[in-house]
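Participant: One file: work-v2.cif (mmCIF, C-alpha atoms and all ligand atoms).
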data_query
#
loop_
_atom_site.label_atom_id
_atom_site.label_comp_id
_atom_site.auth_asym_id
_atom_site.auth_seq_id
_atom_site.Cartn_x
_atom_site.Cartn_y
_atom_site.Cartn_z
CA MET T 273 -7.94 -12.04 -42.79
CA LYS T 274 -9.66 -11.09 -39.57
CA ASN T 275 -11.13 -14.08 -37.80
CA THR T 276 -14.70 -13.08 -37.09
CA GLY T 277 -15.51 -16.34 -35.40
CA ILE T 278 -15.41 -18.65 -38.42
CA VAL T 279 -12.68 -20.56 -36.67
CA PRO T 280 -12.45 -20.54 -32.88
CA GLN T 281 -10.72 -17.59 -31.24
CA TYR T 282 -8.65 -17.78 -28.13
CA TYR T 283 -6.16 -15.75 -26.19
CA VAL T 284 -2.48 -16.42 -26.20
CA GLU T 285 -0.92 -15.46 -22.89
CA ASN T 286 2.59 -14.18 -22.25
CA ASP T 287 3.15 -13.89 -25.99
CA HIS T 288 4.99 -10.56 -25.94
CA GLU T 289 6.91 -8.26 -23.61
CA PRO T 290 4.43 -6.18 -21.61
CA ILE T 291 4.31 -2.45 -22.33
CA ILE T 292 4.64 -1.69 -18.65
CA SER T 293 6.50 -4.00 -16.35
CA ARG T 294 4.56 -6.19 -13.98
CA GLU T 295 6.40 -4.47 -11.16
CA LEU T 296 5.20 -1.02 -12.19
CA TYR T 297 1.70 -2.38 -12.76
CA GLY T 298 1.72 -3.74 -9.23
CA GLN T 299 2.91 -0.48 -7.71
CA VAL T 300 0.24 1.50 -9.54
CA GLN T 301 -2.52 -0.91 -8.54
CA GLU T 302 -1.44 -0.71 -4.95
CA GLU T 303 -1.28 3.07 -4.88
CA MET T 304 -4.69 3.33 -6.54
CA ALA T 305 -6.18 1.00 -3.97
CA ARG T 306 -4.60 3.01 -1.18
CA ARG T 307 -6.01 6.28 -2.48
CA ALA T 308 -9.43 4.77 -3.08
CA ASN T 309 -9.46 3.52 0.49
CA LEU T 310 -9.10 6.88 2.13
CA TYR T 311 -12.26 6.34 4.06
CA ASN T 312 -12.92 6.86 7.66
CA SER T 313 -12.26 3.47 9.16
CA LYS T 314 -15.78 3.55 10.60
CA GLY T 315 -17.11 3.75 7.06
CA GLY T 316 -17.58 7.48 6.82
CA LYS T 317 -17.08 9.94 4.02
CA LYS T 318 -14.54 9.52 1.29
CA ARG T 319 -11.52 11.75 1.58
CA VAL T 320 -9.80 13.61 -1.20
CA TYR T 321 -6.31 12.34 -1.69
CA SER T 322 -3.55 14.89 -1.23
CA SER T 323 0.13 14.31 -1.90
CA ARG T 324 1.55 17.75 -1.18
CA TYR T 325 3.23 16.75 2.01
CA ALA T 326 4.63 13.37 2.83
CA LEU T 327 2.38 13.21 5.88
CA SER T 328 -0.78 14.05 3.93
CA SER T 329 -3.09 11.06 3.74
CA ILE T 330 -0.93 8.87 5.97
CA VAL T 331 -1.66 10.43 9.38
CA TYR T 332 -4.75 9.02 11.10
CA CYS T 333 -6.71 9.76 14.24
CA GLY T 334 -6.25 7.08 16.90
CA GLU T 335 -9.63 7.91 18.38
CA CYS T 336 -12.07 7.99 15.45
CA GLY T 337 -10.01 6.68 12.52
CA GLU T 338 -10.32 9.77 10.34
CA ILE T 339 -7.33 11.33 8.64
CA TYR T 340 -5.43 14.26 10.04
CA ARG T 341 -5.22 17.38 7.94
CA ARG T 342 -2.68 20.18 7.89
CA VAL T 343 -4.11 23.56 8.89
CA HIS T 344 -2.87 27.07 9.43
CA TRP T 345 -3.80 28.00 12.94
CA ASN T 346 -4.28 31.47 14.26
CA ASN T 347 -4.69 31.49 17.97
CA ARG T 348 -5.19 35.08 19.16
CA GLY T 349 -2.62 36.43 16.74
CA LYS T 350 -0.18 33.58 17.31
CA LYS T 351 0.26 31.76 14.01
CA SER T 352 1.29 28.15 13.73
CA ILE T 353 0.85 25.10 11.52
CA VAL T 354 -1.00 22.25 13.15
CA TRP T 355 -2.50 18.90 12.18
CA ARG T 356 -6.04 18.08 13.24
CA CYS T 357 -8.48 15.25 12.92
CA VAL T 358 -10.73 15.96 9.95
CA SER T 359 -13.87 15.08 11.88
CA ARG T 360 -13.12 17.93 14.27
CA LEU T 361 -12.55 20.30 11.37
CA GLU T 362 -15.59 19.43 9.32
CA GLU T 363 -18.30 17.90 11.42
CA LYS T 364 -20.32 19.97 13.79
CA GLY T 365 -20.87 18.11 17.01
CA SER T 366 -18.15 15.54 16.30
CA ASP T 367 -17.56 13.58 19.46
CA CYS T 368 -13.90 13.04 18.64
CA THR T 369 -11.70 14.67 21.24
CA SER T 370 -8.36 13.88 19.65
CA GLU T 371 -5.55 16.31 20.15
CA THR T 372 -4.49 18.97 17.73
CA ILE T 373 -0.79 18.48 17.12
CA LEU T 374 1.79 21.06 16.13
CA GLU T 375 3.42 20.22 12.82
CA GLU T 376 6.81 20.48 14.45
CA THR T 377 5.79 17.99 17.14
CA LEU T 378 4.40 15.57 14.57
CA GLN T 379 7.51 15.79 12.40
CA ASN T 380 9.81 15.39 15.38
CA GLY T 381 7.87 12.34 16.49
CA VAL T 382 8.20 10.72 13.08
CA LEU T 383 11.88 11.63 12.99
CA GLN T 384 12.35 10.04 16.40
CA ALA T 385 10.70 6.84 15.16
CA ILE T 386 12.98 6.75 12.10
CA ASN T 387 15.96 7.22 14.40
CA GLN T 388 14.80 4.33 16.56
CA LEU T 389 14.61 2.22 13.42
CA ILE T 390 18.17 3.24 12.51
CA GLU T 391 19.62 2.65 15.95
CA ASP T 392 17.59 -0.49 16.54
CA ASP T 393 18.47 -0.85 20.18
CA GLY T 394 18.65 -4.55 20.98
CA GLY T 395 18.08 -5.55 17.38
CA VAL T 396 14.34 -5.96 17.88
CA ASN T 397 13.30 -4.24 14.66
CA ARG T 398 15.87 -6.19 12.70
CA ALA T 399 14.38 -9.42 14.07
CA ILE T 400 10.84 -8.37 13.21
CA MET T 401 11.88 -7.44 9.69
CA GLN T 402 13.60 -10.76 9.26
CA ASN T 403 10.46 -12.60 10.31
CA ILE T 404 8.39 -10.62 7.84
CA GLU T 405 10.97 -11.24 5.12
CA THR T 406 10.84 -14.96 5.77
CA ALA T 407 7.04 -15.03 5.58
CA LEU T 408 7.22 -13.07 2.34
CA ALA T 409 9.84 -15.24 0.67
CA ALA T 410 9.19 -15.85 -3.00
CA GLU T 411 9.14 -19.59 -2.43
CA PHE T 412 5.88 -19.13 -0.50
CA ASP T 413 4.19 -17.23 -3.31
CA LYS T 414 1.17 -18.99 -4.75
CA ASP T 415 1.98 -21.48 -7.45
CA MET T 416 0.69 -20.54 -10.90
CA SER T 417 1.56 -23.69 -12.75
CA GLU T 418 -1.61 -25.57 -11.92
CA ILE T 419 -3.98 -22.85 -13.01
CA ASP T 420 -1.91 -22.28 -16.16
CA ARG T 421 -2.25 -25.95 -16.96
CA GLU T 422 -6.00 -25.83 -16.39
CA ILE T 423 -6.37 -22.77 -18.60
CA GLU T 424 -4.42 -24.45 -21.35
CA LEU T 425 -6.63 -27.53 -21.16
CA VAL T 426 -9.84 -25.53 -21.27
CA GLN T 427 -8.52 -23.45 -24.16
CA ARG T 428 -7.85 -26.61 -26.10
CA GLU T 429 -11.22 -28.03 -25.17
CA LEU T 430 -12.85 -24.89 -26.48
CA LEU T 431 -11.61 -25.65 -29.98
CA HIS T 432 -13.58 -28.88 -30.18
CA TYR T 433 -17.03 -27.50 -29.49
CA SER T 434 -19.46 -24.97 -30.84
CA GLY T 435 -22.70 -23.31 -29.76
CA ALA T 436 -24.01 -23.68 -26.23
CA LYS T 437 -21.32 -26.11 -25.17
CA GLN T 438 -18.64 -23.72 -26.37
CA ASN T 439 -20.20 -20.88 -24.40
CA GLU T 440 -20.23 -23.03 -21.34
CA ILE T 441 -16.55 -23.81 -21.74
CA ALA T 442 -15.80 -20.13 -22.41
CA GLU T 443 -17.52 -19.25 -19.12
CA LYS T 444 -15.28 -21.69 -17.36
CA LEU T 445 -12.29 -20.10 -19.05
CA TYR T 446 -13.30 -16.63 -17.83
CA ARG T 447 -13.67 -17.95 -14.32
CA LEU T 448 -10.22 -19.49 -14.46
CA ARG T 449 -8.75 -16.26 -15.82
CA ALA T 450 -10.32 -14.27 -12.97
CA GLU T 451 -8.90 -16.79 -10.54
CA LYS T 452 -5.51 -16.49 -12.16
CA GLN T 453 -5.67 -12.70 -11.89
CA GLU T 454 -6.37 -13.02 -8.19
CA ILE T 455 -3.34 -15.24 -7.72
CA LEU T 456 -1.25 -12.80 -9.76
CA ASP T 457 -2.42 -9.84 -7.67
CA TYR T 458 -1.66 -11.73 -4.49
CA ASN T 459 1.85 -12.52 -5.66
CA ILE T 460 2.40 -9.00 -6.91
CA SER T 461 1.44 -7.52 -3.57
CA ARG T 462 3.97 -9.82 -1.91
CA GLU T 463 6.55 -8.77 -4.46
CA ASN T 464 5.81 -5.12 -3.66
CA LYS T 465 6.29 -5.72 0.05
CA ARG T 466 9.55 -7.53 -0.61
CA ARG T 467 10.80 -4.59 -2.62
CA ARG T 468 9.89 -2.12 0.12
CA ILE T 469 11.71 -4.16 2.71
CA ALA T 470 14.73 -4.31 0.42
CA GLU T 471 14.59 -0.52 0.06
CA ILE T 472 14.44 -0.03 3.79
CA ASN T 473 17.29 -2.49 4.33
CA GLU T 474 19.30 -0.55 1.78
CA PHE T 475 18.56 2.69 3.59
CA LEU T 476 19.49 1.22 6.96
CA LYS T 477 22.76 -0.11 5.59
CA GLU T 478 23.80 3.34 4.41
CA GLN T 479 22.36 5.36 7.26
CA MET T 480 24.53 4.60 10.26
CA VAL T 481 23.96 7.71 12.33
CA ARG T 482 20.88 9.44 13.68
CA LEU T 483 19.11 11.86 11.42
CA GLU T 484 19.22 15.45 12.57
CA GLU T 485 16.39 16.78 10.51
CA TYR T 486 12.96 15.79 9.36
CA ALA T 487 12.76 15.19 5.59
CA ASP T 488 9.59 14.67 3.55
CA LYS T 489 11.45 12.61 0.99
CA LEU T 490 12.56 10.09 3.56
CA VAL T 491 9.10 9.81 5.08
CA ARG T 492 7.64 8.99 1.67
CA LYS T 493 10.19 6.25 1.26
CA LEU T 494 9.93 4.68 4.70
CA VAL T 495 6.63 5.39 6.40
CA GLU T 496 3.34 3.69 5.65
CA LYS T 497 1.08 5.18 8.29
CA VAL T 498 1.14 7.35 11.41
CA THR T 499 -1.61 7.18 14.03
CA VAL T 500 -2.01 9.96 16.57
CA PHE T 501 -2.97 8.89 20.08
CA GLU T 502 -3.09 10.91 23.26
CA GLY T 503 0.52 11.53 24.17
CA TYR T 504 2.06 9.24 21.59
CA LEU T 505 2.33 8.36 17.91
CA LYS T 506 2.34 4.94 16.33
CA VAL T 507 4.55 4.93 13.25
CA GLU T 508 4.16 2.00 10.86
CA PHE T 509 7.01 1.51 8.46
CA LYS T 510 6.71 0.04 4.99
CA SER T 511 8.71 -2.92 6.20
CA GLY T 512 5.93 -3.82 8.62
CA VAL T 513 7.80 -2.64 11.72
CA GLU T 514 5.80 -0.48 14.12
CA ILE T 515 7.37 1.99 16.52
CA GLU T 516 5.62 4.03 19.20
CA VAL T 517 7.04 7.36 20.27
CA LYS T 518 5.97 9.71 23.01
CA VAL T 519 5.07 13.23 21.94
ZN ZN R 601 -10.74 11.87 15.27
#
Take the structure I supplied and represent it as structure tokens, if you would.
Ligand SMILES: [Zn+2]
Facilitator:
Amino acid sequence: MKNTGIVPQYYVENDHEPIISRELYGQVQEEMARRANLYNSKGGKKRVYSSRYALSSIVYCGECGEIYRRVHWNNRGKKSIVWRCVSRLEEKGSDCTSETILEETLQNGVLQAINQLIEDDGGVNRAIMQNIETALAAEFDKDMSEIDREIELVQRELLHYSGAKQNEIAEKLYRLRAEKQEILDYNISRENKRRRIAEINEFLKEQMVRLEEYADKLVRKLVEKVTVFEGYLKVEFKSGVEIEVKV
């Protein structure tokens, strides 16, 4: 018989195997947040997310913070593919003076950064990654046991009351659940970062020699963000390592 509130109702947590894994849930949440945050860093217009090219939505303007967009360029009959700051493409009178960059130059720059990561002259990147790994160690994740205990207590308390008092306790329970969700999200984001570092470590173990060619697939796997400055690019890897290359 369906319990319509004749006897108290409460949630049972972790009762069954989740339909999607927590890991997948975390990845999806993270990607959704990333896409939702495609704003100009100065708080401008929202940008449409594009995933056609690995560099779409990850290349940013070092001057104004907008994203760079891929455009077909026709300069007096000479055709080329370039990337430009969106503010210069869309806004009349934009005061951004960032450089337009040839796709080939951009790709070569990113490739060069990946090669620096592979070669790791002096072991600097390795050391940085190790520091990040240490800070991200699972043992430093937030402890859930206390909040679980609290939730259990409040759930039990809920059974002994009715009416206004019960509502009050239920409110407390919702607050605790929200708090627990926050802790979970925090731990999941750490878990995600750990997995990315593991992936990059795996890649670096297998890839012993310089890459000869730019590959979208690899960029998707390794690169978090590229910022275009005058004369150089800053490439941020998913492991947290940042490499600057001259272009
Ligand atoms: Zn700009």
Participant: Measuring atom to atom with only C-alpha atoms and all ligand atoms, identify which of T:Leu431, T:Cys333, T:Ile472, T:Val396 is nearest to ligand ZN 601 (chain R).
Facilitator: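 Of the candidates, the smallest distance to ligand ZN 601 (chain R) is held by T:Cys333.
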Participant: Counting all atoms listed in the file, give me one row per residue of chain T with an atom at most 9 Å from an atom of ligand ZN 601 (chain R), showing the shortest contact pair and its distance in Å to one decimal, sorted by chain then residue number, as a Markdown table.
Facilitator:
| residue | atom | partner | partner_atom | distance |
| --- | --- | --- | --- | --- |
| T:Tyr332 | CA | R:ZN601 | ZN | 7.8 |
| T:Cys333 | CA | R:ZN601 | ZN | 4.7 |
| T:Gly334 | CA | R:ZN601 | ZN | 6.8 |
| T:Glu335 | CA | R:ZN601 | ZN | 5.2 |
| T:Cys336 | CA | R:ZN601 | ZN | 4.1 |
| T:Gly337 | CA | R:ZN601 | ZN | 5.9 |
| T:Glu338 | CA | R:ZN601 | ZN | 5.4 |
| T:Ile339 | CA | R:ZN601 | ZN | 7.5 |
| T:Tyr340 | CA | R:ZN601 | ZN | 7.8 |
| T:Arg356 | CA | R:ZN601 | ZN | 8.0 |
| T:Cys357 | CA | R:ZN601 | ZN | 4.7 |
| T:Val358 | CA | R:ZN601 | ZN | 6.7 |
| T:Ser359 | CA | R:ZN601 | ZN | 5.6 |
| T:Arg360 | CA | R:ZN601 | ZN | 6.6 |
| T:Ser366 | CA | R:ZN601 | ZN | 8.3 |
| T:Asp367 | CA | R:ZN601 | ZN | 8.2 |
| T:Cys368 | CA | R:ZN601 | ZN | 4.8 |
| T:Thr369 | CA | R:ZN601 | ZN | 6.7 |
| T:Ser370 | CA | R:ZN601 | ZN | 5.4 |
| T:Glu371 | CA | R:ZN601 | ZN | 8.4 |
Participant: Export C-alpha atoms of the chosen residues as a compact mmCIF listing (two decimals), in the coordinates of the input?
Facilitator:
# COMPACT_ATOMS: atom_id res chain seq x y z
CA TYR T 332 -4.75 9.02 11.10
CA CYS T 333 -6.71 9.76 14.24
CA GLY T 334 -6.25 7.08 16.90
CA GLU T 335 -9.63 7.91 18.38
CA CYS T 336 -12.07 7.99 15.45
CA GLY T 337 -10.01 6.68 12.52
CA GLU T 338 -10.32 9.77 10.34
CA ILE T 339 -7.33 11.33 8.64
CA TYR T 340 -5.43 14.26 10.04
CA ARG T 356 -6.04 18.08 13.24
CA CYS T 357 -8.48 15.25 12.92
CA VAL T 358 -10.73 15.96 9.95
CA SER T 359 -13.87 15.08 11.88
CA ARG T 360 -13.12 17.93 14.27
CA SER T 366 -18.15 15.54 16.30
CA ASP T 367 -17.56 13.58 19.46
CA CYS T 368 -13.90 13.04 18.64
CA THR T 369 -11.70 14.67 21.24
CA SER T 370 -8.36 13.88 19.65
CA GLU T 371 -5.55 16.31 20.15
Participant: Neighbouring residues of Ala409 of chain T were defined as those with any atom within 12 Å, considering all atoms listed in the file; residues of the same chain fewer than 6 positions away were excluded. Please report them as a list of chain:residue names.
Facilitator: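 Selected residues are T:Gln402, T:Asn403, T:Asn459, T:Arg462, T:Glu463, T:Asn464, T:Lys465, T:Arg466, T:Arg467, T:Ile469, T:Ala470.
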Participant: Pick the closest to Ser322 of chain T from T:Arg341, T:Lys350, T:Arg294, T:Arg428: which is it, counting only C-alpha atoms?
Facilitator: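 Between T:Arg341, T:Lys350, T:Arg294, T:Arg428, the residue approaching Ser322 of chain T most closely is T:Arg341.
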Participant: Counting only C-alpha atoms, figure out which residue out of T:Val343, T:Ile419, T:Val300, T:Ile386 gets nearest to Arg492 of chain T.
Facilitator: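 The closest residue to Arg492 of chain T is T:Ile386.
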Participant: Would you mind listing what lies within 10 Å of Glu485 of chain T as an NGL selection string, with only C-alpha atoms counted and same-chain residues fewer than 4 positions away left out?
Facilitator: :T and (379-380 or 383-384)
Participant: Would you mind listing what lies within 12 Å of Arg449 of chain T as a ChimeraX atom specification, with only C-alpha atoms counted and same-chain residues fewer than 2 positions away left out?
Facilitator: /T:283,285,416,419-424,426-427,442-447,451-456
Participant: Just the number, please: distance in Å from atom CA of Gly394 of chain T to atom CA of Glu514 of chain T, one decimal.
Facilitator: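 About the pair atom CA of Gly394 of chain T and atom CA of Glu514 of chain T: they are 15.1 Å apart.
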